[in-house]
Amino acid sequence: MNYGISIHKDGFKALREGDFRDDVNIMIGINHDEAGYFDKEVQPELNRTAFHDCIETAFKVQVNQMVGDYFFTCDSLWMADMLSEKRNGKSKSGKVFIYHFAQTTSANPWPEWTGVMHGYEIEFVFGAPLANPSSYKKEKVDREQKFSKKVIEYWTSFATTG
């Protein structure tokens, strides 16, 4: 089923050429630790061996940041710039909004060092802390439910009015 949508060319080409609808608002999200799967150890005391371990850990942290920037952040920011640039001066131009999501969740099954990875805002957008509170730590569930309600409110507002 195509729902009346016809994909007629590559998305990057369409962006470069300005061949897209410009009368709708766009929301683009970036998460704090987009590629948070790389190992991050706690910084050790600095004897010779620990110093080398620290350098290795710092390198992993930087690689993690670089991979996240390369695969997610840079493309998201580039797309926001391209959409804004191609819409500039058009009378029916929709707006481009971008957010940075940095909220951790107590229901995260991954180690704490993974941070706020790609897509982690979705559980708050769809109210997972409200629908399944037993998956969250008891001491944090109230805060996470309030946060989820706010996120739902923001996304609903965007969907309704842009």
# chains A, B, ... in the order shown; residues from 1 in each chain; ligands from 1

call {"tool": "residues_around", "arguments": {"residues": "Ile122 in chain A", "least_positions_apart": "6", "cutoff": "12 Å", "atoms": "only C-alpha atoms", "output": "list in words"}}
result
Gly29, Asn31, Phe101, Gln103, Thr104, Thr105, Val116, Ala128, Pro129, Ser148, Val151, Ile152 and Trp155 of chain A

call {"tool": "closest_residue", "arguments": {"among": "A:Thr161, A:Thr49, A:Ser106, A:Thr114", "to": "Pro133 in chain A", "atoms": "only C-alpha atoms"}}
result
A:Ser106

call {"tool": "atom_distance", "arguments": {"atom1": "CA of Phe124 in chain A", "atom2": "CA of Glu139 in chain A"}}
result
17.3 Å

call {"tool": "residues_around", "arguments": {"residues": "Ile98 in chain A", "least_positions_apart": "4", "cutoff": "8 Å", "atoms": "only C-alpha atoms", "output": "ChimeraX atom specification"}}
result
/A:27-30,80

call {"tool": "write_last_selection", "arguments": {"atoms": "all heavy atoms", "output": "JSON list (two decimals), in the first residue's frame"}}
result
[["chain", "number", "residue", "atom", "x", "y", "z"],
["A", 27, "MET", "N", 10.45, 18.22, 12.44],
["A", 27, "MET", "CA", 11.14, 18.14, 13.72],
["A", 27, "MET", "C", 12.23, 17.08, 13.59],
["A", 27, "MET", "O", 11.96, 15.95, 13.20],
["A", 27, "MET", "CB", 10.18, 17.76, 14.85],
["A", 27, "MET", "CG", 10.86, 17.66, 16.20],
["A", 27, "MET", "SD", 9.76, 17.54, 17.64],
["A", 27, "MET", "CE", 8.70, 16.18, 17.24],
["A", 28, "ILE", "N", 13.46, 17.46, 13.93],
["A", 28, "ILE", "CA", 14.61, 16.58, 13.84],
["A", 28, "ILE", "C", 15.20, 16.45, 15.23],
["A", 28, "ILE", "O", 15.40, 17.44, 15.92],
["A", 28, "ILE", "CB", 15.67, 17.15, 12.87],
["A", 28, "ILE", "CG1", 15.07, 17.27, 11.46],
["A", 28, "ILE", "CG2", 16.93, 16.30, 12.87],
["A", 28, "ILE", "CD1", 15.93, 18.05, 10.50],
["A", 29, "GLY", "N", 15.48, 15.22, 15.65],
["A", 29, "GLY", "CA", 16.03, 14.98, 16.98],
["A", 29, "GLY", "C", 17.43, 14.41, 16.95],
["A", 29, "GLY", "O", 17.78, 13.64, 16.06],
["A", 30, "ILE", "N", 18.21, 14.82, 17.92],
["A", 30, "ILE", "CA", 19.56, 14.31, 18.12],
["A", 30, "ILE", "C", 19.66, 13.86, 19.57],
["A", 30, "ILE", "O", 19.28, 14.62, 20.47],
["A", 30, "ILE", "CB", 20.61, 15.40, 17.83],
["A", 30, "ILE", "CG1", 20.54, 15.84, 16.38],
["A", 30, "ILE", "CG2", 22.01, 14.90, 18.19],
["A", 30, "ILE", "CD1", 21.37, 17.07, 16.08],
["A", 80, "ALA", "N", 18.74, 19.60, 8.50],
["A", 80, "ALA", "CA", 18.06, 20.79, 9.02],
["A", 80, "ALA", "C", 18.51, 22.04, 8.25],
["A", 80, "ALA", "O", 17.69, 22.88, 7.87],
["A", 80, "ALA", "CB", 18.32, 20.96, 10.51]]

call {"tool": "residues_around", "arguments": {"residues": "Val24 in chain A", "least_positions_apart": "2", "cutoff": "8 Å", "atoms": "only C-alpha atoms", "output": "compact mmCIF listing (two decimals) with N, CA, C and O atoms, in the first residue's frame"}}
result
# COMPACT_ATOMS: atom_id res chain seq x y z
N ARG A 21 8.17 18.84 -0.33
CA ARG A 21 7.11 19.73 0.18
C ARG A 21 7.73 20.69 1.17
O ARG A 21 8.47 20.28 2.06
N ASP A 22 7.39 21.94 1.02
CA ASP A 22 7.96 22.94 1.92
C ASP A 22 6.89 23.61 2.78
O ASP A 22 7.15 24.61 3.43
N ILE A 26 8.97 20.50 10.18
CA ILE A 26 9.81 19.31 10.35
C ILE A 26 10.44 19.37 11.73
O ILE A 26 10.92 20.42 12.15
N SER A 93 6.48 28.43 3.51
CA SER A 93 7.53 27.65 4.15
C SER A 93 7.14 27.15 5.53
O SER A 93 6.71 27.92 6.39
N GLY A 94 7.30 25.84 5.73
CA GLY A 94 7.17 25.27 7.06
C GLY A 94 8.46 25.56 7.82
O GLY A 94 9.48 25.93 7.24
N LYS A 95 8.41 25.38 9.09
CA LYS A 95 9.58 25.64 9.93
C LYS A 95 10.33 24.35 10.21
O LYS A 95 9.77 23.26 10.19

call {"tool": "atom_distance", "arguments": {"atom1": "CA of Glu153 in chain A", "atom2": "CA of Glu85 in chain A"}}
result
28.8 Å

call {"tool": "closest_residue", "arguments": {"among": "A:Asn108, A:Gln145, A:Ser135, A:Thr160", "to": "Asn25 in chain A", "atoms": "only C-alpha atoms"}}
result
A:Thr160
